[in-house]
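Student: One structure coming up, written as structure tokens, with questions to follow.
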Amino acid sequence: MKRRSTILFTCSALLVVVLFVADILIGSVALPLGEVVDTLFGGGDEVTRNIVLNFRLPKAVTALLVGASLSAVGLQMQTLFRNPMAGPYVLGVSSGATLGVALFLLGMPLLGISLGNSAVSSLGVVGAAWIGSALIMSVVLAVTARIKDIMVVLILGMMFGSAATAVVEILQYLSPEGALKSFVVWTMGSLGSVSREQLLIMAPVMIVGLVLSVSLIKPLNAMLLGENYASTMGINIRRTRLLISMITVMLAGTVTAFCGPIGFIGLAVPHIARMIFREADHRVMMPASMLLGSLIMLFCDVASQLPASDMTLPINTVTALIGIPVVVVVIVRNHKSFS
Amino acid sequence: MQEKERIYTVQLQDVTLGYEDRLLFSHASVGFGWGEFTALIGRNGTGKSTLLRTIAALARPMAGEILIEGKPLSTMSRAEVASKIAFVSTEEVRVPNLKVEDVVALGRIPYTGWSGRLRSADRKAVMHSLELVGMEAFARKSIARLSDGERQRVMIARALAQDTPIIVLDEPTAFLDLPNKYEVCLLLRRLAHKEKKCIIFSTHDLSIALKLCDTIAMIQGGRFSYGTADMLISSGDMDRLFDGTALRFDASARDVELK
């Protein structure tokens, strides 16, 4: 690997470690570093142990995985659709997951089916999010197979998103208070709402998704030139499309199920990686996007705690504030290079 | 002495091309040899691109078979096809941050491992390909910043790096100015003759095709014809290319003129 990339990777990795530690220390109760280290080695008092092991550590690990996952998905979608504006949120995959969850959390009680205990409902939420995101992803793929104009695809993605939101609103209007509350709590979902038990389901799925993403580096590089070139160089296009869709559902669907919809990370982080690393090769871009995704997600989480120490901003608000300027810069730049 | 059947690099065996509702041409049988530089000509919509895409295994013929070095294309694996045929499409490649050497290095994909890492032999092939097209000084430049002529040369270098006996190009001279059209065609001819590659390209530049190509394949009115420029001129196929237009073919000038 080139020296420039090596230096950048080292710096980003160090920053991730610093932010990971900061994310554990900062919160409604600020913890001193010494005490946290003590706790991790089995010491410390019970209150601190509880805060660190049951709340702060799962939250920091969640941020790490969520950031890497959304960014890896965004990068793959941008290469697959050959569109700098593609991402799980923009193309409606996250909305699909939201719709799935709404149908589960609101629709089931409306049909008179009780959701039972929390383990069942938490697995149900994951399954519903997967089905919802898989549905939108397959529609998007079917459309792109026929329509090559990528602006049309983006507009359709936004329409799917709006349609999903509309259905969710109708469901909310019809729903009894109890079901409504559990859904609203889900939509306000944050990195901190993931419990240790949920993390045990979420982490393996995401790690598999991330490993699969890395395994697609070569086909993704070939797809940079377009599907015709990739195909004549021996790449199996159908298999690659299928795998990318699977990974998208596994990663973006799971993130949405556990943390609620998180926008702009998948779209913006690959661009930030391109600006910093100045590479197109996925051998650099894939790990760079994952690393910067973790970094930015941890930063967003720390930032969401800062304004007032006993108040937390919704994570989606913070990611939007960071992501939107990047998106604007990319649109302006693209416009220049095509005119 | 028993005459052996000649083996061609690319051979069409009774090939019929078309879509569900439209027949492009039927029962074409022809063979292209090693080191042969062939232009594929015909009006818009006659099926030039479709034929090239079919040879590159991106589409299938409606009937008939395409043989690559004597072996039916339909029985070859993806990897095998990638080691025999390189394709240059009309798609414009403008990926930000993608450098010229990266593009050419992608040509090594059929020969690299899971991550596509280049070994020293691959790196040599990339540099050699860039030298063959005269773009070695541009190796570290971004593909998005090149002129159309330069970019086309890079795409040809990528095809060369794929190290195949056959290169198929879809309108490589479209969008180029006249000197660039000649230069790209001269480059392709040199590659065909010196590197002994079979190069087939589609074009609308009739006079360049007649001057520079060894053979010409022509699709006209659902008919496929093939031969040297002289053969096609004397057989009257060239004249028929302009039937029903305001133009006619002037055999002595080997160019078109207004009626």
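Simple scheme: letters A, B, ... for chains in structure tokens order, numbers from 1 for residues in each chain, numbers from 1 for ligands in the order shown.
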Output the contact residues of chain B with respect to chain A at a cut-off of 9 Å, based on only C-alpha atoms, as a PyMOL selection string.
Tutor: chain B and resi 53+56-58+77-83+85-89+91-99+102-103+106-110+113-117+144+162
Student: Based on the selection just made, write C-alpha atoms of those residues as an mmCIF file, in the first residue's frame.
Tutor:
```cif
data_model
loop_
_atom_site.group_PDB
_atom_site.id
_atom_site.type_symbol
_atom_site.label_atom_id
_atom_site.label_comp_id
_atom_site.auth_asym_id
_atom_site.auth_seq_id
_atom_site.Cartn_x
_atom_site.Cartn_y
_atom_site.Cartn_z
ATOM 1 C CA ARG B 53 -21.628 -7.700 -27.896
ATOM 2 C CA ALA B 56 -17.870 -10.606 -26.394
ATOM 3 C CA ALA B 57 -20.428 -12.988 -24.816
ATOM 4 C CA LEU B 58 -22.541 -10.097 -23.516
ATOM 5 C CA SER B 77 -16.673 -20.451 -18.775
ATOM 6 C CA ARG B 78 -16.722 -16.775 -17.822
ATOM 7 C CA ALA B 79 -13.028 -16.912 -16.929
ATOM 8 C CA GLU B 80 -12.126 -18.626 -20.197
ATOM 9 C CA VAL B 81 -13.986 -16.000 -22.245
ATOM 10 C CA ALA B 82 -12.241 -13.233 -20.273
ATOM 11 C CA SER B 83 -8.860 -14.711 -21.204
ATOM 12 C CA ILE B 85 -11.752 -11.667 -25.674
ATOM 13 C CA ALA B 86 -11.295 -8.103 -24.456
ATOM 14 C CA PHE B 87 -14.069 -5.599 -25.043
ATOM 15 C CA VAL B 88 -13.976 -1.814 -25.397
ATOM 16 C CA SER B 89 -17.429 -0.291 -25.109
ATOM 17 C CA GLU B 91 -19.463 3.844 -22.260
ATOM 18 C CA GLU B 92 -17.545 6.831 -21.035
ATOM 19 C CA VAL B 93 -15.494 6.031 -17.947
ATOM 20 C CA ARG B 94 -15.203 9.080 -15.701
ATOM 21 C CA VAL B 95 -14.716 7.878 -12.170
ATOM 22 C CA PRO B 96 -13.297 10.505 -9.816
ATOM 23 C CA ASN B 97 -9.873 9.609 -8.326
ATOM 24 C CA LEU B 98 -9.456 6.681 -10.721
ATOM 25 C CA LYS B 99 -5.989 6.921 -12.216
ATOM 26 C CA ASP B 102 -5.691 1.807 -12.155
ATOM 27 C CA VAL B 103 -7.944 1.522 -15.207
ATOM 28 C CA LEU B 106 -8.311 -3.626 -14.068
ATOM 29 C CA GLY B 107 -7.512 -5.459 -17.301
ATOM 30 C CA ARG B 108 -5.537 -7.932 -15.155
ATOM 31 C CA ILE B 109 -8.696 -8.981 -13.277
ATOM 32 C CA PRO B 110 -8.945 -12.399 -14.967
ATOM 33 C CA GLY B 113 -6.538 -13.329 -6.796
ATOM 34 C CA TRP B 114 -9.630 -12.516 -4.729
ATOM 35 C CA SER B 115 -8.609 -8.954 -3.878
ATOM 36 C CA GLY B 116 -7.170 -8.157 -7.301
ATOM 37 C CA ARG B 117 -3.675 -7.461 -5.990
ATOM 38 C CA ALA B 144 -11.631 11.985 -15.551
ATOM 39 C CA GLN B 162 -6.189 -8.330 -20.453
#
```
Student: From a backbone DSSP assignment, name each residue in stretch 189-253 of chain B labelled helix (DSSP H, G or I), as a ChimeraX atom specification.
Tutor: /B:189-194,206-212,229-234,237-240
Student: Determine, counting only C-alpha atoms, which protein, DNA and RNA residues have an atom within 7 Å of an atom of stretch 223-238 of chain B; residues of the same chain fewer than 3 positions away are not included. Present the result as a list of chain:residue names.
Tutor: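 Counting only C-alpha atoms, the residues come to B:Phe25, B:Ala28, B:Leu210, B:Asp214, B:Thr215, B:Ile216, B:Ala217, B:Met218, B:Ile219, B:Gln220, B:Leu241, B:Phe249, B:Ala251.
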Student: Between atom CA of B:Glu20 and atom CA of B:Thr245, what distance in Å does the model show, to one decimal?
Tutor: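 Separation of atom CA of B:Glu20 and atom CA of B:Thr245: 28.1 Å.
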Student: To one decimal place in Å, what is the distance between atom CA of A:Met151 and atom CA of A:Ile136?
Tutor: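 These atoms are spaced 17.0 Å apart.
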Student: If I take atom CA of A:Ala60 and atom CA of A:Leu292, how far is one from the other in Å, to one decimal?
Tutor: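 Separation between atom CA of A:Ala60 and atom CA of A:Leu292: 14.8 Å.
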Student: A:Gly132: which residues within 12 Å, counting only C-alpha atoms, same-chain residues fewer than 5 positions away excluded, as a VMD selection string?
Tutor: chain A and resid 92 to 104 124 to 127 137 to 139 160 to 161 164 248 to 250 252 to 254 256 to 257
Student: With distances taken over only C-alpha atoms, which residue among B:Met62, B:Cys198, B:Ala139, B:Leu188 lies nearest B:Pro172?
Tutor: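 The closest residue to B:Pro172 is B:Leu188.
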Student: Compile the contact shell of stretch 106-109 of chain A as a PyMOL selection string: residues with an atom at most 10 Å away, counting only C-alpha atoms, same-chain residues fewer than 3 positions apart removed.
Tutor: chain A and resi 100-103+112-115+168+171-176+178-183
Student: Mind the document's chain letters and residue numbers, and return as a CSV table (one decimal) with C-alpha atoms, in the first residue's frame the residues of stretch 57-169 of chain B that DSSP labels strand (DSSP E).
Tutor:
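Result file is selection37.csv:
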```csv
chain,number,residue,atom,x,y,z
B,63,ALA,CA,-29.4,-19.1,-33.8
B,64,GLY,CA,-26.0,-20.4,-34.8
B,65,GLU,CA,-22.8,-20.6,-32.9
B,66,ILE,CA,-19.7,-18.4,-32.4
B,67,LEU,CA,-16.5,-20.3,-32.2
B,68,ILE,CA,-13.4,-18.9,-30.4
B,71,LYS,CA,-14.4,-23.8,-29.4
B,72,PRO,CA,-18.1,-22.9,-29.1
B,85,ILE,CA,-11.8,-11.7,-25.7
B,86,ALA,CA,-11.3,-8.1,-24.5
B,87,PHE,CA,-14.1,-5.6,-25.0
B,88,VAL,CA,-14.0,-1.8,-25.4
B,166,ILE,CA,-9.1,-11.1,-29.6
B,167,ILE,CA,-10.1,-7.4,-29.0
B,168,VAL,CA,-13.6,-6.2,-29.9
B,169,LEU,CA,-14.2,-2.4,-29.9
```
